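Below is target_29.txt, holding compact mmCIF, C-alpha atoms and all ligand atoms.
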# COMPACT_ATOMS: atom_id res chain seq x y z
CA MET I 1 -1.03 17.10 -14.57
CA ASP I 2 -1.64 14.26 -12.13
CA LYS I 3 -2.53 11.08 -13.94
CA TYR I 4 -4.54 9.36 -11.25
CA ARG I 5 -7.20 10.48 -8.82
CA ALA I 6 -5.64 9.06 -5.63
CA LYS I 7 -2.72 11.45 -5.96
CA THR I 8 -4.98 14.41 -5.20
CA ALA I 9 -8.23 12.95 -3.80
CA TYR I 10 -6.76 12.22 -0.37
CA GLN I 11 -5.51 15.80 -0.05
CA GLN I 12 -9.04 16.81 0.97
CA ALA I 13 -9.47 17.00 4.75
CA ASP I 14 -12.94 15.42 4.47
CA GLU I 15 -11.54 12.37 2.71
CA ALA I 16 -8.78 12.02 5.32
CA ASN I 17 -11.13 12.53 8.27
CA THR I 18 -13.53 9.81 7.12
CA TYR I 19 -10.99 7.37 5.61
CA ASP I 20 -10.77 4.83 8.46
CA ALA I 21 -14.40 5.07 9.57
CA ALA I 22 -15.66 4.57 6.01
CA ARG I 23 -13.55 1.45 5.44
CA PHE I 24 -12.58 -0.34 8.61
CA VAL I 25 -15.33 0.13 11.21
CA SER I 26 -18.20 -2.01 9.87
CA ALA I 27 -18.07 -5.78 10.48
CA LYS I 28 -16.99 -6.32 6.85
CA GLY I 29 -14.41 -3.54 7.13
CA ARG I 30 -12.95 -4.99 10.33
CA MET I 31 -12.73 -8.41 8.73
CA THR I 32 -10.95 -7.04 5.66
CA ASP I 33 -8.53 -5.08 7.85
CA SER I 34 -7.76 -8.20 9.87
CA LEU I 35 -7.32 -10.42 6.77
CA GLU I 36 -4.98 -7.87 5.18
CA LYS I 37 -2.88 -7.73 8.33
CA LYS I 38 -2.70 -11.54 8.53
CA ALA I 39 -1.40 -11.64 4.95
CA ILE I 40 1.14 -8.87 5.69
CA LEU I 41 2.31 -10.80 8.77
CA LYS I 42 2.96 -13.89 6.62
CA ALA I 43 4.78 -11.73 4.07
CA LEU I 44 7.01 -10.36 6.85
CA ARG I 45 8.08 -13.86 7.99
CA TYR I 46 11.76 -13.33 7.13
CA VAL I 47 11.98 -9.68 8.23
CA PRO I 48 13.20 -9.77 11.85
CA PRO I 49 11.82 -7.42 14.53
CA GLY I 50 14.00 -4.31 14.80
CA ALA I 51 14.33 -4.10 11.00
CA ARG I 52 13.78 -0.65 9.46
CA ILE I 53 10.71 -0.49 7.22
CA LEU I 54 9.39 2.22 4.91
CA ASP I 55 5.57 2.24 4.81
CA VAL I 56 4.52 4.07 1.63
CA PRO I 57 1.88 5.33 1.33
CA CYS I 58 1.27 5.33 5.06
CA GLY I 59 -2.07 7.20 4.83
CA THR I 60 -3.64 7.53 8.30
CA GLY I 61 -1.14 5.06 9.75
CA ARG I 62 -3.22 1.87 9.73
CA ILE I 63 -0.38 -0.39 8.56
CA THR I 64 2.33 1.80 10.14
CA GLU I 65 0.84 1.10 13.56
CA PHE I 66 0.63 -2.62 12.80
CA LEU I 67 4.35 -2.64 11.91
CA LEU I 68 5.29 -0.72 15.06
CA ASN I 69 3.34 -3.19 17.19
CA LEU I 70 5.31 -6.03 15.57
CA GLY I 71 8.56 -4.46 16.79
CA TYR I 72 9.80 -2.79 13.59
CA ARG I 73 11.37 0.67 13.27
CA VAL I 74 9.19 2.54 10.81
CA VAL I 75 9.36 5.53 8.47
CA GLY I 76 6.04 6.65 6.96
CA ALA I 77 5.67 8.56 3.70
CA ASP I 78 2.61 9.87 1.88
CA ILE I 79 1.73 12.62 -0.57
CA SER I 80 -1.21 13.79 1.54
CA GLU I 81 -0.54 15.90 4.62
CA PRO I 82 -4.18 15.58 5.85
CA MET I 83 -3.92 11.76 5.74
CA MET I 84 -0.54 11.76 7.47
CA ALA I 85 -1.78 14.21 10.13
CA HIS I 86 -3.89 11.35 11.52
CA ALA I 87 -0.91 8.99 11.52
CA LYS I 88 1.31 11.60 13.19
CA LYS I 89 -1.26 12.34 15.89
CA ALA I 90 -1.57 8.64 16.78
CA LEU I 91 2.00 7.43 16.28
CA ALA I 92 4.61 10.23 16.31
CA GLU I 93 5.42 9.59 19.98
CA HIS I 94 5.95 5.85 19.52
CA PRO I 95 9.62 5.10 20.34
CA SER I 96 10.13 3.10 17.12
CA MET I 97 8.42 5.63 14.84
CA GLU I 98 11.40 7.28 13.15
CA ALA I 99 9.80 9.95 10.93
CA PHE I 100 7.04 10.95 8.56
CA TYR I 101 7.84 12.39 5.12
CA LEU I 102 5.56 14.28 2.78
CA ALA I 103 6.74 12.55 -0.40
CA ASP I 104 5.76 11.28 -3.83
CA ALA I 105 6.20 7.51 -4.26
CA GLU I 106 7.33 8.20 -7.84
CA SER I 107 10.44 9.95 -6.53
CA LEU I 108 11.32 8.93 -2.97
CA PRO I 109 13.58 11.21 -0.89
CA PHE I 110 15.66 8.30 0.46
CA LYS I 111 19.09 6.80 -0.21
CA GLU I 112 19.71 3.51 -2.00
CA GLY I 113 19.15 0.48 0.21
CA GLU I 114 18.23 2.63 3.21
CA PHE I 115 15.49 0.27 4.36
CA ASP I 116 15.34 -3.43 5.23
CA ALA I 117 11.88 -3.67 3.63
CA VAL I 118 9.11 -1.57 2.08
CA THR I 119 5.38 -2.03 2.62
CA SER I 120 2.83 -0.60 0.20
CA ILE I 121 -0.80 -1.47 0.83
CA ARG I 122 -3.92 -0.30 -1.05
CA PHE I 123 -1.94 1.80 -3.49
CA SER I 124 -1.05 -0.11 -6.68
CA ASN I 125 -4.71 -0.45 -7.67
CA HIS I 126 -5.00 3.34 -7.92
CA VAL I 127 -1.92 3.77 -10.09
CA PRO I 128 -1.84 3.34 -13.90
CA PRO I 129 0.62 0.63 -15.07
CA GLU I 130 3.26 2.98 -16.56
CA ILE I 131 3.48 4.93 -13.28
CA ARG I 132 3.39 1.72 -11.26
CA LEU I 133 6.66 0.73 -12.88
CA ARG I 134 8.29 4.00 -11.79
CA VAL I 135 6.94 3.51 -8.25
CA LEU I 136 8.18 -0.11 -8.08
CA SER I 137 11.62 0.96 -9.31
CA GLU I 138 11.81 3.57 -6.56
CA MET I 139 10.80 1.03 -3.92
CA ARG I 140 13.44 -1.36 -5.25
CA ARG I 141 16.07 1.39 -5.11
CA VAL I 142 15.49 2.29 -1.44
CA SER I 143 14.99 -1.26 -0.14
CA ASN I 144 17.71 -3.69 0.75
CA GLY I 145 15.10 -6.40 1.28
CA PRO I 146 11.58 -7.37 0.23
CA ILE I 147 8.85 -5.11 -1.09
CA ILE I 148 5.54 -6.17 0.40
CA ILE I 149 2.86 -4.78 -1.83
CA SER I 150 -0.85 -5.39 -2.37
CA TYR I 151 -2.52 -5.64 -5.79
CA CYS I 152 -6.12 -6.24 -6.82
CA ASN I 153 -6.75 -9.51 -8.63
CA PRO I 154 -9.08 -8.97 -11.65
CA ASN I 155 -10.11 -12.65 -11.55
CA SER I 156 -11.73 -12.54 -8.10
CA LEU I 157 -15.43 -12.41 -7.24
CA SER I 158 -15.11 -8.86 -5.85
CA ALA I 159 -13.47 -7.67 -9.05
CA MET I 160 -16.27 -9.22 -11.11
CA LYS I 161 -18.83 -7.49 -8.88
CA ARG I 162 -16.97 -4.21 -9.37
CA ARG I 163 -17.05 -4.65 -13.19
CA LEU I 164 -20.76 -5.48 -13.08
CA LYS I 165 -21.52 -2.37 -11.00
CA ALA I 166 -19.54 -0.24 -13.45
CA LEU I 167 -21.99 -1.20 -16.20
CA PHE I 168 -24.71 0.70 -14.33
CA ARG I 169 -22.78 3.45 -12.59
CA ARG I 170 -19.61 5.14 -13.74
CA PRO I 171 -16.86 4.41 -11.19
CA HIS I 172 -15.56 7.53 -9.40
CA ALA I 173 -12.00 6.65 -10.43
CA PRO I 174 -10.23 4.26 -12.80
CA TRP I 175 -9.34 0.97 -11.16
CA ASN I 176 -6.08 -0.74 -12.05
CA PRO I 177 -6.16 -4.41 -11.08
CA ALA I 178 -3.28 -6.74 -12.02
CA SER I 179 -3.25 -10.50 -12.44
CA ARG I 180 -0.33 -12.51 -11.06
CA ARG I 181 1.11 -12.64 -14.57
CA THR I 182 0.94 -8.83 -14.86
CA VAL I 183 2.52 -8.38 -11.43
CA ALA I 184 5.32 -10.79 -12.41
CA ARG I 185 5.93 -8.85 -15.66
CA GLU I 186 5.94 -5.44 -13.98
CA ALA I 187 8.15 -6.72 -11.17
CA SER I 188 10.61 -8.13 -13.68
CA GLN I 189 10.72 -4.79 -15.56
CA ALA I 190 11.66 -3.17 -12.24
CA GLY I 191 14.35 -5.78 -11.53
CA LEU I 192 12.22 -7.74 -9.05
CA ARG I 193 10.53 -11.14 -8.89
CA ILE I 194 7.58 -12.55 -6.98
CA THR I 195 8.81 -14.87 -4.24
CA ARG I 196 5.48 -15.33 -2.43
CA GLY I 197 1.86 -14.19 -2.70
CA TYR I 198 -1.03 -14.30 -0.24
CA ALA I 199 -4.63 -13.81 -1.37
CA ILE I 200 -6.44 -12.48 1.70
CA LEU I 201 -9.57 -14.52 0.84
CA PRO I 202 -8.75 -16.66 -2.20
CA CYS I 203 -11.10 -16.27 -5.22
CA VAL I 204 -13.44 -13.97 -3.25
CA SER I 205 -11.52 -10.84 -2.25
CA GLU I 206 -9.52 -8.78 -4.74
CA THR I 207 -6.56 -8.21 -2.46
CA VAL I 208 -3.37 -10.20 -2.87
CA VAL I 209 -0.26 -9.30 -0.87
CA TYR I 210 2.92 -10.10 -2.82
CA VAL I 211 6.50 -10.34 -1.65
CA LEU I 212 8.80 -8.96 -4.37
CA GLU I 213 12.56 -9.42 -4.14
CA LYS I 214 15.66 -8.56 -6.17
C1 LIG E 1 -6.10 4.00 -0.06
S1 LIG E 1 -4.91 4.95 0.79
C2 LIG E 1 -3.90 3.68 1.53
C3 LIG E 1 -3.26 4.10 2.83
C4 LIG E 1 -2.65 2.96 3.68
N1 LIG E 1 -1.55 2.31 2.99
C5 LIG E 1 -3.71 1.94 4.07
O1 LIG E 1 -3.64 0.79 3.60
O2 LIG E 1 -4.62 2.30 4.83
C6 LIG E 1 -3.93 5.56 -0.54
C7 LIG E 1 -2.89 6.59 -0.11
O3 LIG E 1 -2.01 6.83 -1.21
C8 LIG E 1 -1.54 8.16 -1.10
N2 LIG E 1 -0.93 8.54 -2.39
C9 LIG E 1 -1.52 8.68 -3.59
N3 LIG E 1 -0.62 8.95 -4.54
C10 LIG E 1 0.59 8.98 -3.92
C11 LIG E 1 1.94 9.20 -4.36
N4 LIG E 1 2.22 9.43 -5.64
N5 LIG E 1 2.94 9.17 -3.45
C12 LIG E 1 2.68 8.92 -2.13
N6 LIG E 1 1.43 8.70 -1.66
C13 LIG E 1 0.40 8.72 -2.54
C14 LIG E 1 -2.80 8.92 -0.74
O4 LIG E 1 -2.51 10.19 -0.22
C15 LIG E 1 -3.43 7.95 0.28
O5 LIG E 1 -3.02 8.26 1.59

Would it be possible to restate this file's structure as structure tokens?
Amino acid sequence: MDKYRAKTAYQQADEANTYDAARFVSAKGRMTDSLEKKAILKALRYVPPGARILDVPCGTGRITEFLLNLGYRVVGADISEPMMAHAKKALAEHPSMEAFYLADAESLPFKEGEFDAVTSIRFSNHVPPEIRLRVLSEMRRVSNGPIIISYCNPNSLSAMKRRLKALFRRPHAPWNPASRRTVAREASQAGLRITRGYAILPCVSETVVYVLEK
């Protein structure tokens, strides 16, 4: 049985068809998208253009496209074909787009050290801690370089607002935030350490993009 909703929820065509419009089209959504990308850009500082990056989960290709535009060679992987169909339609013809794989992040179909870096955005917060460790270990195995991964900070204003809302309305799925201390512990269990971290809007937004290295 799947232990978290995101593993199956995005398999629905409706969810995939409305994913970008529901999150990144409003003024707030565009700002969040832009702040996330700025943080990812900082995290990529030591990854030279031309490097080969695995974007997992790639979803509809939002971050995949960003990486391609920065001059990276990219492989996308996701467990949802409907989500990836959007990414394929937009990006499959891009000369630096190597391939898309239908794959589970818990067991990646790639060789050890095949990539120069891994990006994983808007995923860890869906995944329960024990599975997160398996996922991190897989990312570590396939990457020869940094793992650039976003987490949700439970000590931010947005996280407090989310907890307050949950008192009145049951959330549609469990949320799995992680403080810097938790990220450091989980990273260490997977043989990684935090080398840098970028809060996209310190204290306000939940999202922090970490650079984890061996
Ligand atoms: C919130 S979306 C994030 C997509 C993209 N990274 C972004 O930032 O727009 C979460 C994605 O995780 C994928 N997913 C969930 N569980 C997965 C798993 N075990 N392995 C690979 N992908 C998974 C879903 O199909 C979905 O596309």

Can you tell me, as a short mmCIF file (atom, residue, chain, number, x, y, z; two decimals) with C-alpha atoms, keeping the file's coordinate frame, what residues are no more than 7 Å from Glu81 (chain I) when counting only C-alpha atoms, ignoring any on the same chain fewer than 3 positions away?
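Result written to out-v7.cif:
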data_model
loop_
_atom_site.label_atom_id
_atom_site.label_comp_id
_atom_site.auth_asym_id
_atom_site.auth_seq_id
_atom_site.Cartn_x
_atom_site.Cartn_y
_atom_site.Cartn_z
CA GLN I 11 -5.51 15.80 -0.05
CA MET I 84 -0.54 11.76 7.47
CA ALA I 85 -1.78 14.21 10.13
CA LEU I 102 5.56 14.28 2.78
#

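Nearest-residue note for ligand LIG 1 (chain E): choosing from I:Val209, I:Cys58, I:Val75, I:Leu67, the minimum distance belongs to I:Cys58, counting all atoms listed in the file.
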
Produce the centre coordinates and the three edge lengths, each in Å to one decimal, of the box along x, y and z that contains all listed atoms of region 31-44 of chain I with 4 Å added on each side, as JSON.
{"center_x": -2.9, "center_y": -9.5, "center_z": 7.0, "size_x": 27.7, "size_y": 16.8, "size_z": 13.8}

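Listed by chain and then residue number, the contacts of ligand LIG 1 (chain E) are Ala6, Lys7, Tyr10, Pro57, Cys58, Gly59, Arg62, Asp78, Ile79, Ser80, Met83, Ala103, Asp104, Ala105, Glu106, Ser120, Ile121, Arg122 and Phe123 of chain I (distance at most 6 Å, using all atoms listed in the file).
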
Handout entry: Between CA of Pro202 (chain I) and CA of Glu36 (chain I) - distance in Å to one decimal
Key = 12.1 Å

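As for CA of Phe110 (chain I) and CA of Asn144 (chain I), they are spaced 12.2 Å apart.
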
Exercise for the section: Record the distance separating CA of Ile40 (chain I) and CA of Tyr198 (chain I), expressed in Å with one decimal. Expected result: 8.3 Å

Leaving out Arg141 (chain I) and any residue of its chain fewer than 2 positions from it, which residues lie within 8 Å of it when counting all atoms listed in the file, given as a PDB file with C-alpha atoms, in the coordinates of the input?
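Result file is around16.pdb:
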ATOM      1  CA  LYS I 111      19.090   6.800  -0.210  1.00  0.00           C
ATOM      2  CA  GLU I 112      19.710   3.510  -2.000  1.00  0.00           C
ATOM      3  CA  GLY I 113      19.150   0.480   0.210  1.00  0.00           C
ATOM      4  CA  SER I 137      11.620   0.960  -9.310  1.00  0.00           C
ATOM      5  CA  GLU I 138      11.810   3.570  -6.560  1.00  0.00           C
ATOM      6  CA  MET I 139      10.800   1.030  -3.920  1.00  0.00           C
ATOM      7  CA  SER I 143      14.990  -1.260  -0.140  1.00  0.00           C
ATOM      8  CA  ASN I 144      17.710  -3.690   0.750  1.00  0.00           C
TER       9      ASN I 144
END

Practice task
Mind checking which residues fall within 9 Å of Pro49 (chain I), counting only C-alpha atoms, ignoring those fewer than 6 positions away in the same chain, and posting them as a list of chain:residue names?
Solution key: I:Leu70, I:Gly71, I:Tyr72, I:Arg73

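Shortest atom-to-atom contact with Leu91 (chain I) among I:Leu133, I:Leu68, I:Ala199, I:Ala22: I:Leu68, counting all atoms listed in the file.
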
Problem - Test item: residues at most 12 Å from Pro174 (chain I), all atoms listed in the file, excluding those fewer than 3 positions along its chain, as a ChimeraX atom specification - result: /I:3-6,124-129,162-163,166,170-171,177

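Using only C-alpha atoms, the smallest distance between any of I:Pro146, I:Gly29, I:Pro95, I:Gly197 and Asp116 (chain I) comes from I:Pro146.
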
Completion exercise
With distances taken over only C-alpha atoms, the candidate from I:Glu98, I:Glu93, I:Glu130, I:Asp20 nearest Gly61 (chain I) is I:Asp20

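Residue neighbourhood of Tyr210 (chain I), excluding near-sequence residues (fewer than 3 positions): Ala39, Ile40, Ala43, Ser120, Pro146, Ile147, Ile148, Ile149, Ser150, Tyr151, Arg180, Val183, Ala184, Arg193, Ile194, Thr195, Arg196, Gly197, Tyr198, Ala199, Thr207 and Glu213 of chain I, at 10 Å, using all atoms listed in the file.
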
Restricting the output to C-alpha atoms, write the selected residues as a short mmCIF file (atom, residue, chain, number, x, y, z; two decimals), keeping the file's coordinate frame.
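This went into result_19.cif:
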data_model
loop_
_atom_site.label_atom_id
_atom_site.label_comp_id
_atom_site.auth_asym_id
_atom_site.auth_seq_id
_atom_site.Cartn_x
_atom_site.Cartn_y
_atom_site.Cartn_z
CA ALA I 39 -1.40 -11.64 4.95
CA ILE I 40 1.14 -8.87 5.69
CA ALA I 43 4.78 -11.73 4.07
CA SER I 120 2.83 -0.60 0.20
CA PRO I 146 11.58 -7.37 0.23
CA ILE I 147 8.85 -5.11 -1.09
CA ILE I 148 5.54 -6.17 0.40
CA ILE I 149 2.86 -4.78 -1.83
CA SER I 150 -0.85 -5.39 -2.37
CA TYR I 151 -2.52 -5.64 -5.79
CA ARG I 180 -0.33 -12.51 -11.06
CA VAL I 183 2.52 -8.38 -11.43
CA ALA I 184 5.32 -10.79 -12.41
CA ARG I 193 10.53 -11.14 -8.89
CA ILE I 194 7.58 -12.55 -6.98
CA THR I 195 8.81 -14.87 -4.24
CA ARG I 196 5.48 -15.33 -2.43
CA GLY I 197 1.86 -14.19 -2.70
CA TYR I 198 -1.03 -14.30 -0.24
CA ALA I 199 -4.63 -13.81 -1.37
CA THR I 207 -6.56 -8.21 -2.46
CA GLU I 213 12.56 -9.42 -4.14
#

Completion exercise
In terms of only C-alpha atoms, the residue from I:Arg181, I:Lys214, I:His172, I:His94 at minimal distance from Arg140 (chain I) is I:Lys214

Handout entry: From I:Ala90, I:Leu41, I:Ala51, I:Val118, residue lying nearest Glu65 (chain I) [all atoms listed in the file]
Key = I:Ala90
